[in-house]
Amino acid sequence: MIQIDALSKRYGGFTAVDNVTFTAEPGRVTGFLGPNGAGKSTTMRILVGLTDPTTGSAHLLGRHFSQLPNPGREVGVLLDASAQHGGRTGREILTLAARTMGLPKSSVAETLDRVSLTEEEAGRRVRNYSLGMRQRLGIATALIGDPEVLILDEPANGLDPAGIRWMRDLLRGFADDGGTVLLSSHLLHEIEVIADDIVVIGNGRIVAQGTKQELLASGEAYARAGDPAELGRALQRAGHNAELTTEGAVRTAADLATVGQIAFDAGLVLTELRAADGSGLEEMFLQLTAETQRDHLDSPEGLDSSKGKAA
Amino acid sequence: MSTATVAPEPLEGTIGSTRHRQRATPAPIPFTRVLSVELRKMFDTRSGFWLLVSIGILAVIATAAIIIFSSDDALTYGMFATGIGIPMAVILPMISVLSVSSEWSSRTALTTFTLVPSRGKVIGAKAVLTVALGIVSMAVALGVGALGNLIGTTIAGVDPVWDLTTVILAQTVLAQVLGMMMGFMLGTLFRSSPAAIVGYFVYSLVLPTISNALVMVNDWWRDNGAWVDLNWASTRLFDDDMTREAWAQLGTATTLWLIIPLLIGLRLALKSEVK
């Protein structure tokens, strides 16, 4: 359980985090979504006590982070996978974490195995790691203490699609065991794949939050039938709007049950019926991104993996 | 958005029934554990390892050179202890510098301070280790020096000369601890490895040269420089006739060069935002 209450952080005249309030529930993966420099990393640093907030508070498991007697055993943290001494081996970094937490030596090999780093890779110095390997090592450091809460800043950065899928399964399993997960990303796609709940931040302020279904649903239904035009007419007869999409499906503001009932009454066979894509969330996120990224939408967002320093 | 396949969601019902894991609150991290981890961190990097190895190599070379090149009557305990002590006095403060500065330079502080949120505990452990390392290193230098003295004089066929008094031994250890603390101070003050290392060499190599030059041309500096020059004041520790005035000069110079900057450095290290 993570509770963030009216949190603000100002640097001189610049407000990095502006009155942020949200809760990450146990059993759920909460995605913290925002463009680079939106205030995600600052919020997470405040959460783990590395930065003092100007006003407001952040609590983990009902306590301030600094009040946790052995934080690694209760809260797993990955803020920046690259923030490691390049001269240490992966195994050494994990050993230091295990020793600090007072864990048995065997936990190192077990955790390396859990994040799929081989013996040979663990013996290499981190200087020679790819970003994906660093992310796995960072996640291992977060997981090794068997915590109840995970806080991961851009953990999917540098992971390939298979890696992202692996992380989704790992975090899903962690949440299903009753754990709380908060992870940030500047990519809507990543959050969509991994998170249950989404908190969207832009310019330090929360602009939307809710479950993924709520935020991604457009409020419209998307239906396919053998004869889409006939379905559209049936909907209009019942007093609903209906538009034919280019793929030959029907979009309408009527809810799914109504669409199903109308099709049934009209004797039409539906081949597909679901909530329509193309939500307000995506529009809003693109707008946020366009505002904060000077280069607008010309560059594919996936290519921009650099993290805002002032974030 | 394209019609990407949506991942299967967990059933809504499972959320309410998430079993609440009953967990015991873990015991606090004892200071001794922080000490042992910080000690390990001093030597588990490539730089830490090679600094340690270089001390050993230099000590062996110095001892061998003394045995080979010195005339028989120059084979004294003082010679051997100095030959081993000087490499340690130059190199070990750098380990102390790096133990603090690399937390910021390599940004490992992000991990260190999230595993141990009490920064005072971590910085305190590094300070304790700095002092301990200073004492242990000189004990080793004096021990190995004694061995070298015995072996060297045996090879040369002369009687060993034990020319170091207890006072000098104790003061040598103090000088080494002061040097180590200077490294620690520079680490906390700069929190950047390159800046702190350069700072250390400016302090230990450049400033004494300037001070010596000043002694030649400036009468006031010749008479009073030791009050403000810590290198100068601490050199006296290698004599066994430290006067009351020499101790007072060591006190003022230490306050100026070590204690005041250390207080500023500690404040910065404990309070500054870790990014």
# chains A, B, ... in the order shown; residues from 1 in each chain; ligands from 1

call {"tool": "interface_residues", "arguments": {"of": "chain A", "to": "chain B", "cutoff": "9 Å", "atoms": "only C-alpha atoms", "output": "JSON, numbers by chain"}}
result
{"A": [26, 27, 28, 42, 45, 48, 49, 50, 51, 52, 65, 66, 67, 68, 69, 70, 71, 72, 73, 74, 76, 77, 78, 79, 80, 82, 83, 84, 85, 86, 87, 88, 89, 92, 96, 97, 99, 100, 101, 102, 141, 148, 175, 176, 177, 178, 179, 192, 193, 194, 196, 277, 278, 279, 282, 309]}

call {"tool": "closest_residue", "arguments": {"among": "B:Ile151, B:Leu98, B:Leu51, B:Ala125", "to": "Leu75 of chain B", "atoms": "only C-alpha atoms"}}
result
B:Ile151

call {"tool": "atom_distance", "arguments": {"atom1": "atom CA of Ala175 of chain B", "atom2": "atom CA of Ser71 of chain B"}}
result
28.3 Å

call {"tool": "residues_around", "arguments": {"residues": "Ala74 of chain B", "least_positions_apart": "4", "cutoff": "12 Å", "atoms": "only C-alpha atoms", "output": "short mmCIF file (atom, residue, chain, number, x, y, z; two decimals) with N, CA and C atoms, in the first residue's frame"}}
result
data_model
loop_
_atom_site.label_atom_id
_atom_site.label_comp_id
_atom_site.auth_asym_id
_atom_site.auth_seq_id
_atom_site.Cartn_x
_atom_site.Cartn_y
_atom_site.Cartn_z
N ILE B 66 65.51 -0.98 0.15
CA ILE B 66 66.27 -0.58 1.35
C ILE B 66 67.35 -1.62 1.65
N ILE B 67 66.94 -2.91 1.56
CA ILE B 67 67.91 -3.97 1.86
C ILE B 67 69.05 -3.94 0.84
N ILE B 68 68.72 -3.75 -0.45
CA ILE B 68 69.73 -3.84 -1.49
C ILE B 68 70.65 -2.61 -1.51
N PHE B 69 70.03 -1.41 -1.45
CA PHE B 69 70.81 -0.20 -1.74
C PHE B 69 71.36 0.50 -0.51
N SER B 70 70.81 0.21 0.69
CA SER B 70 71.28 0.98 1.84
C SER B 70 72.59 0.43 2.37
N GLY B 78 63.36 2.49 11.64
CA GLY B 78 62.72 3.69 11.09
C GLY B 78 62.70 3.67 9.57
N MET B 79 63.82 3.25 8.95
CA MET B 79 63.91 3.17 7.50
C MET B 79 62.85 2.23 6.94
N PHE B 80 62.78 1.03 7.53
CA PHE B 80 61.84 0.03 7.00
C PHE B 80 60.39 0.47 7.20
N ASN B 149 63.21 -5.25 9.06
CA ASN B 149 64.39 -4.85 9.83
C ASN B 149 65.15 -6.10 10.29
N GLY B 152 66.44 -7.92 7.08
CA GLY B 152 67.47 -7.11 6.42
C GLY B 152 68.79 -7.12 7.17
N THR B 153 68.69 -6.92 8.47
CA THR B 153 69.93 -6.88 9.26
C THR B 153 70.57 -8.26 9.34
N ALA B 156 72.39 -8.68 6.15
CA ALA B 156 73.58 -7.84 6.16
C ALA B 156 74.58 -8.24 7.25
N VAL B 158 74.33 -7.49 10.47
CA VAL B 158 74.53 -6.48 11.52
C VAL B 158 73.42 -6.61 12.55
N ASP B 159 73.60 -5.97 13.70
CA ASP B 159 72.57 -6.00 14.73
C ASP B 159 71.42 -5.09 14.32
N PRO B 160 70.15 -5.53 14.53
CA PRO B 160 69.03 -4.65 14.20
C PRO B 160 69.02 -3.42 15.10
N VAL B 161 68.65 -2.28 14.50
CA VAL B 161 68.55 -1.03 15.26
C VAL B 161 67.08 -0.67 15.42
N TRP B 162 66.64 -0.57 16.68
CA TRP B 162 65.23 -0.19 16.95
C TRP B 162 65.21 1.27 17.36
N ASP B 163 65.09 2.14 16.37
CA ASP B 163 65.27 3.55 16.63
C ASP B 163 63.97 4.33 16.80
#

call {"tool": "closest_residue", "arguments": {"among": "A:Ser41, A:Thr54, A:Thr118, A:Gln261", "to": "Phe14 of chain A", "atoms": "only C-alpha atoms"}}
result
A:Thr54

call {"tool": "select_by_dssp", "arguments": {"residues": "segment 9-215 of chain A", "states": "alpha helix (DSSP H)", "output": "PyMOL selection string"}}
result
chain A and resi 40-47+90-101+106-114+119-122+131-143+161-176+188-194+212-215

call {"tool": "closest_residue", "arguments": {"among": "B:Ile210, B:Leu174, B:Leu256, B:Ile264", "to": "Arg236 of chain B", "atoms": "only C-alpha atoms"}}
result
B:Leu174

call {"tool": "residues_around", "arguments": {"residues": "Ala195 of chain B", "least_positions_apart": "2", "cutoff": "12 Å", "atoms": "only C-alpha atoms", "output": "list in words"}}
result
Met94, Val97, Leu98, Ser101, Ser102, Trp104, Ser105, Gly183, Leu186, Gly187, Thr188, Leu189, Phe190, Arg191, Ser192, Ser193, Ile197, Val198, Gly199, Tyr200, Phe201 and Val202 of chain B

call {"tool": "closest_residue", "arguments": {"among": "B:Ile91, B:Ala24, B:Leu237, B:Ile123", "to": "Ile57 of chain B", "atoms": "only C-alpha atoms"}}
result
B:Ile91

call {"tool": "select_by_dssp", "arguments": {"residues": "segment 40-78 of chain A", "states": "strand (DSSP E)", "output": "number ranges by chain"}}
result
A: 55-60, 75-78

call {"tool": "write_last_selection", "arguments": {"atoms": "C-alpha atoms", "output": "PDB file, in the first residue's frame"}}
result
ATOM      1  CA  THR A  55       4.656  20.068   1.344  1.00  0.00           C
ATOM      2  CA  GLY A  56       2.556  16.927   1.658  1.00  0.00           C
ATOM      3  CA  SER A  57       3.482  13.408   2.679  1.00  0.00           C
ATOM      4  CA  ALA A  58       4.118   9.943   1.330  1.00  0.00           C
ATOM      5  CA  HIS A  59       3.516   6.720   3.246  1.00  0.00           C
ATOM      6  CA  LEU A  60       4.377   3.111   2.546  1.00  0.00           C
ATOM      7  CA  VAL A  75       9.886  -2.151  -0.086  1.00  0.00           C
ATOM      8  CA  GLY A  76      11.831  -3.089  -3.212  1.00  0.00           C
ATOM      9  CA  VAL A  77      13.130  -0.024  -5.030  1.00  0.00           C
ATOM     10  CA  LEU A  78      14.583   0.475  -8.496  1.00  0.00           C
TER      11      LEU A  78
END

call {"tool": "atom_distance", "arguments": {"atom1": "atom CA of Glu121 of chain A", "atom2": "atom CA of Leu143 of chain A"}}
result
18.3 Å

call {"tool": "closest_residue", "arguments": {"among": "B:Leu268, B:Val140, B:Ala127, B:Leu133", "to": "Ala81 of chain B", "atoms": "only C-alpha atoms"}}
result
B:Val140

call {"tool": "closest_residue", "arguments": {"among": "A:Gly138, A:Pro155, A:Gly267, A:Pro161", "to": "Ala234 of chain A", "atoms": "only C-alpha atoms"}}
result
A:Gly267

call {"tool": "residues_around", "arguments": {"residues": "Gly179 of chain B", "least_positions_apart": "5", "cutoff": "9 Å", "atoms": "only C-alpha atoms", "output": "VMD selection string"}}
result
chain B and resid 89 to 90 92 to 93 134 174 184 204

call {"tool": "write_last_selection", "arguments": {"atoms": "C-alpha atoms", "output": "PDB file, in the first residue's frame"}}
result
ATOM      1  CA  ALA B  89      49.987   7.174   3.621  1.00  0.00           C
ATOM      2  CA  VAL B  90      49.642   8.233  -0.024  1.00  0.00           C
ATOM      3  CA  LEU B  92      44.913   4.752   1.581  1.00  0.00           C
ATOM      4  CA  PRO B  93      43.408   8.255   1.843  1.00  0.00           C
ATOM      5  CA  GLY B 134      44.405   4.512   9.311  1.00  0.00           C
ATOM      6  CA  LEU B 174      47.907   9.996  14.395  1.00  0.00           C
ATOM      7  CA  PHE B 184      37.156  11.467   3.932  1.00  0.00           C
ATOM      8  CA  SER B 204      49.185  16.802  -0.340  1.00  0.00           C
TER       9      SER B 204
END

call {"tool": "atom_distance", "arguments": {"atom1": "atom CA of Thr258 of chain A", "atom2": "atom CA of Thr246 of chain A"}}
result
22.7 Å
